Amino acid sequence: MSKQMELRLTGSGGQGLILGGIILAEAAIMDGKNAIQSQSYGPEARGGASKAEVIISNEEIDFPKVQTADLLLSLTQVACDKYVDLIGQEGLLLVDSSVTVPENTNAGEVIQIPILETASEVIGKPMVANIIAIGAINALLNIVSKESLEAAVLNRVPKGTEELNKSALAEGYKLGVRR
Amino acid sequence: MKKNNIKLMQGNEACVEGALAAGMRFYGGYPITPSTEIAEGSAQKLPKVGGKFIQMEDEIAGMAATIGAALTGVKAMTATSGPGFSLKQENIGYAAIAEIPCVIVNVQRHGPSTGLPTSPSQGDVMQAKWGTHGDHPVIAISPSSVKEAFDLTVRCFNLAEKYRTPVILLLDEIVGHMREGIAIPDPSELEIIDRKKPSKDDKNYLAYKVEEGEIVPAMAGFGDGHRYHVTGLVHDESGFPTNSNEIADVLCTRIMKKVEDHVDDIVAYEEFHMEDAEVVVLSYGGTARSAKSAVKKAREKGLKVGMFRPITIWPFPEKQVKEFAKNVKGIIVAELNYGQLVLEVERVVKGSADIFHIGKVDGEIITPNEILSKIEEVI
Amino acid sequence: MTNALVENYFRVDKLPHIWCPGCGHGILMRSIAKAIENLGLDKDKVCIVSGIGCSSRAPGYMDFNTLHTTHGRALAFATGVKMARPELEVIVITGDGDASAIGGNHLIHAARRNINITTIVFNNNIYGMTGGQYSPATPTGDLGTTAPYGNIDRPFDIPKLAAAAGATYVGRATAYHANLLTKLVENGIQNKGFSLIEGLSVCPTYYGRKNKKGTVVDIMKWQKETAVDTKVAAKLSPEQLEGKFLIGELKNEAEPEYTEEYQKIIDRFVKER
């Protein structure tokens, strides 16, 4: 991982992206790194475009908000259209297969993967899309150690859903393998 | 994966942990964004340590119940945000004149009125000082990180107990809702101050008499065997109301002086690259993080810039600011409002350095680049 | 001239009180002290809380843990005291404006919680301390300095309000029926829950004079003749009760008490430890 990694996870309120951000930040802390996680609140946290932000660094993190995202995850079209301009020139735009990528994005790389479909069809639970997403992100960017990410997932998901979420994470890693 | 004791936590959550570590055993409040996590955390954790949580019918009642509980001898806290802070003001004044130790957390949000309820602001800085009517002492402290939200909540309780006065933790939405890593210190590492109580058999106890060598009167808890009177009216040493102008002067001066005379004990601040600074960014709370980042970037460019961060907002670190102002060209005050603490800086500096202001009232936080541009403009 | 009750339960050095000659508040205050004496309560374990107004000066004269708070907020402060230290017997002395106007929200919520606090409302039908403005207990048509053409507001029946909000013990007496008030306060204190007793006072200076109610004796005679005890009222027809008001015990029910319910939550964790 480079010196500082700035991630923005976007989608619709209720998709669990804040929890996804918390898990990534917590995994980074388990790895001995610094991390800050923040989110947008308000009406948009219920239905509209929602965003969670994570900054991970080996150094002290002063400014707590993402400035130029190294990664923009968008699970919905609305969120992608709203936040796509805020991606860095070398940044990765990771979108769900259901999202049409805007034509003139300045993202360094664009990857489309079936996150939502995998959640509902392979795992059978649409609610695990966030865990699939962070698995895919970590596979693509190798931000935190695999064991910390799994520990952080298990630390934060509801009791009784551990196995389900472990499978989701594994599916995410599979989706994140570059083809 | 490394083994460590660092936890990922929100500023609001760290505030609850700090309060519990300081000995908080009562919380009375009313839900309001963006402070609700403090109420929720207190509701969850207080009964586990034998403490009490109550969600009152309104903000005013939350403040009142907090004072009532504090009078029985427990450490009590309430938390709120903008509109709620406005509603609590009358009873904050009551705690000031009746000298009731308690902690009020205000997680500042955009305003006035309902404003942008989920957006950050530092617009309550002057309200913290002047919000309630009449002259009264104020201690207000503003954390910049999750770790500080913990440490400074402990400090708020300590100062409240030591000086028998309400103490305000001026959080902002940035720090309140941000999650970062924090190592919660072991209780044995913390300095905890408890209010002085009169001895049980003191038959001549006067509730508002300052004994020789003490800063404030000893405070008996209701139910401890010292029956006394507490009022928001001007009162004599027994606590009983009086119309005497002489006693009014003694009381009102004493409550101001107990803070004024101990500024060195109360004031805390951070200096960053101040040693050779030609321009200083003065910033506090969540905004100070942007300031620090801007100063680092400026230093990378070889610019002689430093940061001064008041941790104690009230009393203002007057002596320190006056001192460094003599040696700098300019001071940039960066704060998330239309211009509040800058007025205090101007008052203190009295023209010995040029003063610039970066403020914002759009609900967004000030970025490092905005501060950096200002630095480059004025240096 | 003092007697044992005054010497034992009042701060004699703080007397005389500030109330006007003929004011009913002194009688009501004495009835409360008498109730405390009758119950043999430990003075160190009694806390009397008040708000702002004529009534709210009472605690200053009473030799207990006493707390004179801000206008309307007595019950909110008292709730903090009671929650933090449930072994204290918490009594609130408040006025009609203090309790039902500015403090109305705290009144209904303290009643709803059924927290073990006994509230005595000194109802003088007016804001006395500020000079005779109409209150939520001023009858429709009566005069106040802010109702110079007659009050168009409808008054609250404060005991009914408290009962409807969930108070478990409710009663009413008057300055004339001082012994009844003592008994009701005793019952209120012994009730495990929120109790409200209204004590109809006499305000000769503002309410009485403004509304031509006559001398203090006239007003107390009116109290004597117009009040009907609930037990008697049960046998009377609506026509016979026309123009009368009820005194005595108006409600007495058992419901879970708030601080005990909270203690159960704490105990759950003690068992876990």
# chains A, B, ... in the order shown; residues from 1 in each chain; ligands from 1

call {"tool": "interface_residues", "arguments": {"of": "chain C", "to": "chain B", "cutoff": "7 Å", "atoms": "only C-alpha atoms", "output": "compact mmCIF listing (two decimals) with C-alpha atoms, in the first residue's frame"}}
result
# COMPACT_ATOMS: atom_id res chain seq x y z
CA ASP C 44 -31.69 14.66 56.47
CA LYS C 45 -33.50 12.37 54.05
CA GLY C 60 -36.06 28.34 52.04
CA ASP C 63 -35.21 22.80 57.53
CA PHE C 64 -34.47 20.07 55.01
CA ASN C 65 -32.28 19.67 51.94
CA THR C 66 -33.89 22.46 49.96
CA LEU C 67 -33.53 23.44 46.34
CA HIS C 68 -35.00 26.60 44.84
CA THR C 69 -34.62 26.16 41.08
CA ARG C 73 -38.31 23.36 36.37
CA ALA C 76 -37.11 18.29 36.32
CA PHE C 77 -34.50 19.07 38.99
CA ALA C 78 -36.40 16.86 41.46
CA THR C 79 -36.35 14.00 38.96
CA GLY C 80 -32.54 14.20 38.86
CA VAL C 81 -32.35 14.23 42.65
CA MET C 83 -33.08 9.20 40.28
CA ALA C 84 -29.59 9.77 41.66
CA ARG C 85 -30.63 9.16 45.27
CA LEU C 88 -34.46 10.66 49.59
CA HIS C 106 -42.40 18.48 33.30
CA HIS C 109 -44.02 13.67 32.23
CA ILE C 265 -32.19 -2.89 35.26
CA ILE C 266 -29.15 -2.18 37.44
CA PHE C 269 -26.13 -6.42 35.71

call {"tool": "interface_residues", "arguments": {"of": "chain A", "to": "chain B", "cutoff": "8 Å", "atoms": "only C-alpha atoms", "output": "list in words"}}
result
Ile22, Ala25, Glu26, Ile29, Met30, Asp31, Gly32, Asn34, Ala35, Ile36, Gln37, Ser38, Gln39, Tyr41, Gly42, Asp62, Phe63, Pro64, Ser145, Glu147 and Ser148 of chain A

call {"tool": "select_by_dssp", "arguments": {"residues": "stretch 94-184 of chain C", "states": "alpha helix (DSSP H)", "output": "list in words"}}
result
Asp96, Gly97, Gly104, Asn105, His106, Leu107, Ile108, His109, Ala110, Ala111, Arg112, Arg113, Ile158, Pro159, Lys160, Leu161, Ala162, Ala163, Ala164, Ala165, Ala178, Asn179, Leu180, Leu181, Thr182, Lys183 and Leu184 of chain C

call {"tool": "write_last_selection", "arguments": {"atoms": "C-alpha atoms", "output": "compact mmCIF listing (two decimals), in the first residue's frame"}}
result
# COMPACT_ATOMS: atom_id res chain seq x y z
CA ASP C 96 -50.24 27.14 39.52
CA GLY C 97 -48.24 29.05 36.90
CA GLY C 104 -46.55 21.95 32.37
CA ASN C 105 -44.44 19.60 30.29
CA HIS C 106 -42.40 18.48 33.30
CA LEU C 107 -45.61 17.96 35.28
CA ILE C 108 -47.23 15.62 32.79
CA HIS C 109 -44.02 13.67 32.23
CA ALA C 110 -43.23 13.23 35.93
CA ALA C 111 -46.81 11.96 36.29
CA ARG C 112 -46.43 9.68 33.27
CA ARG C 113 -43.25 8.13 34.69
CA ILE C 158 -54.59 20.71 37.76
CA PRO C 159 -55.43 17.51 39.73
CA LYS C 160 -57.43 16.20 36.74
CA LEU C 161 -54.51 17.02 34.46
CA ALA C 162 -52.08 15.13 36.70
CA ALA C 163 -54.45 12.18 37.06
CA ALA C 164 -54.94 11.96 33.31
CA ALA C 165 -51.18 12.10 32.76
CA ALA C 178 -55.51 22.62 56.36
CA ASN C 179 -55.89 19.37 58.28
CA LEU C 180 -57.21 17.61 55.20
CA LEU C 181 -54.19 18.90 53.29
CA THR C 182 -51.88 17.42 55.92
CA LYS C 183 -53.60 14.05 55.57
CA LEU C 184 -53.45 14.15 51.77

call {"tool": "select_by_dssp", "arguments": {"residues": "stretch 46-242 of chain C", "states": "strand (DSSP E)", "output": "PyMOL selection string"}}
result
chain C and resi 46-50+65-68+89-95+117-123+169-174+195-200+227-229

call {"tool": "residues_around", "arguments": {"residues": "B:Leu341", "least_positions_apart": "4", "cutoff": "9 Å", "atoms": "only C-alpha atoms", "output": "VMD selection string"}}
result
chain B and resid 125 to 126 313 333 335 345 to 346

call {"tool": "decode", "arguments": {"residues": "stretch 126-250 of chain C", "atoms": "C-alpha atoms", "output": "CSV table (one decimal), in the first residue's frame"}}
result
chain,number,residue,atom,x,y,z
C,126,ILE,CA,-52.7,34.2,39.6
C,127,TYR,CA,-49.1,35.1,39.1
C,128,GLY,CA,-48.5,36.8,42.4
C,129,MET,CA,-44.7,37.5,42.4
C,130,THR,CA,-44.9,39.5,39.2
C,131,GLY,CA,-48.0,41.4,40.3
C,132,GLY,CA,-51.2,39.7,39.3
C,133,GLN,CA,-51.1,38.5,35.8
C,134,TYR,CA,-53.6,35.7,34.8
C,135,SER,CA,-52.4,32.1,35.1
C,136,PRO,CA,-53.6,28.8,33.6
C,137,ALA,CA,-55.6,28.5,36.9
C,138,THR,CA,-57.4,31.9,36.6
C,139,PRO,CA,-61.1,31.2,36.0
C,140,THR,CA,-62.6,32.3,32.7
C,141,GLY,CA,-64.0,35.8,33.0
C,142,ASP,CA,-61.9,36.8,36.0
C,143,LEU,CA,-59.5,39.8,35.9
C,144,GLY,CA,-55.7,39.9,36.0
C,145,THR,CA,-53.3,42.8,35.1
C,146,THR,CA,-52.8,41.1,31.7
C,147,ALA,CA,-56.6,40.2,31.4
C,148,PRO,CA,-57.9,43.7,31.9
C,149,TYR,CA,-61.1,42.9,30.0
C,150,GLY,CA,-61.7,39.5,31.6
C,151,ASN,CA,-59.8,36.3,31.1
C,152,ILE,CA,-60.9,34.5,27.9
C,153,ASP,CA,-58.7,31.4,28.6
C,154,ARG,CA,-60.2,28.3,30.1
C,155,PRO,CA,-58.5,27.2,33.3
C,156,PHE,CA,-56.8,23.8,33.9
C,157,ASP,CA,-58.1,21.6,36.6
C,158,ILE,CA,-54.6,20.7,37.8
C,159,PRO,CA,-55.4,17.5,39.7
C,160,LYS,CA,-57.4,16.2,36.7
C,161,LEU,CA,-54.5,17.0,34.5
C,162,ALA,CA,-52.1,15.1,36.7
C,163,ALA,CA,-54.5,12.2,37.1
C,164,ALA,CA,-54.9,12.0,33.3
C,165,ALA,CA,-51.2,12.1,32.8
C,166,GLY,CA,-50.6,9.1,35.1
C,167,ALA,CA,-50.2,10.4,38.6
C,168,THR,CA,-51.1,7.6,40.9
C,169,TYR,CA,-52.2,9.6,43.9
C,170,VAL,CA,-54.2,12.9,43.5
C,171,GLY,CA,-56.0,15.1,45.9
C,172,ARG,CA,-57.2,18.6,46.7
C,173,ALA,CA,-57.6,20.7,49.8
C,174,THR,CA,-57.6,24.4,50.6
C,175,ALA,CA,-56.0,26.8,53.0
C,176,TYR,CA,-59.3,26.5,55.0
C,177,HIS,CA,-59.1,22.7,55.0
C,178,ALA,CA,-55.5,22.6,56.4
C,179,ASN,CA,-55.9,19.4,58.3
C,180,LEU,CA,-57.2,17.6,55.2
C,181,LEU,CA,-54.2,18.9,53.3
C,182,THR,CA,-51.9,17.4,55.9
C,183,LYS,CA,-53.6,14.1,55.6
C,184,LEU,CA,-53.5,14.1,51.8
C,185,VAL,CA,-49.7,15.1,51.8
C,186,GLU,CA,-49.1,12.2,54.2
C,187,ASN,CA,-50.9,9.8,51.8
C,188,GLY,CA,-49.1,11.3,48.9
C,189,ILE,CA,-45.7,10.8,50.5
C,190,GLN,CA,-46.6,7.2,51.4
C,191,ASN,CA,-47.8,6.5,47.9
C,192,LYS,CA,-45.1,4.7,45.9
C,193,GLY,CA,-45.3,6.8,42.8
C,194,PHE,CA,-46.1,10.3,41.6
C,195,SER,CA,-48.5,12.2,43.8
C,196,LEU,CA,-50.1,15.6,43.2
C,197,ILE,CA,-52.0,17.5,45.8
C,198,GLU,CA,-53.5,20.8,45.0
C,199,GLY,CA,-53.7,23.3,47.8
C,200,LEU,CA,-56.1,26.1,47.0
C,201,SER,CA,-54.5,29.2,48.5
C,202,VAL,CA,-55.7,32.7,49.2
C,203,CYS,CA,-54.3,35.7,47.4
C,204,PRO,CA,-55.9,38.8,48.9
C,205,THR,CA,-53.4,41.2,47.4
C,206,TYR,CA,-53.8,40.4,43.7
C,207,TYR,CA,-56.4,37.8,42.8
C,208,GLY,CA,-58.8,38.6,45.6
C,209,ARG,CA,-58.6,42.4,45.3
C,210,LYS,CA,-58.7,42.5,41.5
C,211,ASN,CA,-61.8,40.2,41.4
C,212,LYS,CA,-63.5,41.8,44.4
C,213,LYS,CA,-63.5,38.6,46.4
C,214,GLY,CA,-63.7,40.4,49.7
C,215,THR,CA,-61.5,40.0,52.8
C,216,VAL,CA,-59.3,37.0,53.5
C,217,VAL,CA,-62.1,35.7,55.9
C,218,ASP,CA,-64.6,36.0,53.0
C,219,ILE,CA,-62.4,34.0,50.7
C,220,MET,CA,-61.8,31.3,53.3
C,221,LYS,CA,-65.5,31.2,54.0
C,222,TRP,CA,-66.1,30.7,50.3
C,223,GLN,CA,-63.6,27.8,50.3
C,224,LYS,CA,-65.4,26.3,53.3
C,225,GLU,CA,-68.8,26.6,51.7
C,226,THR,CA,-68.0,25.7,48.1
C,227,ALA,CA,-65.8,22.7,48.7
C,228,VAL,CA,-67.4,19.3,48.7
C,229,ASP,CA,-65.5,16.2,49.9
C,230,THR,CA,-65.4,13.5,47.3
C,231,LYS,CA,-67.0,11.1,49.7
C,232,VAL,CA,-70.0,13.4,50.2
C,233,ALA,CA,-70.1,14.3,46.5
C,234,ALA,CA,-70.6,10.7,45.6
C,235,LYS,CA,-74.1,10.9,47.1
C,236,LEU,CA,-75.0,14.2,45.5
C,237,SER,CA,-76.8,14.9,42.2
C,238,PRO,CA,-75.1,16.9,39.4
C,239,GLU,CA,-77.5,19.7,40.2
C,240,GLN,CA,-76.5,19.7,43.9
C,241,LEU,CA,-72.8,19.9,42.8
C,242,GLU,CA,-73.4,22.8,40.5
C,243,GLY,CA,-70.9,25.6,41.3
C,244,LYS,CA,-69.0,23.4,43.8
C,245,PHE,CA,-65.5,22.0,43.7
C,246,LEU,CA,-64.2,18.7,45.0
C,247,ILE,CA,-61.7,18.2,47.8
C,248,GLY,CA,-60.2,15.1,49.3
C,249,GLU,CA,-58.8,12.1,47.6
C,250,LEU,CA,-59.4,12.2,43.9
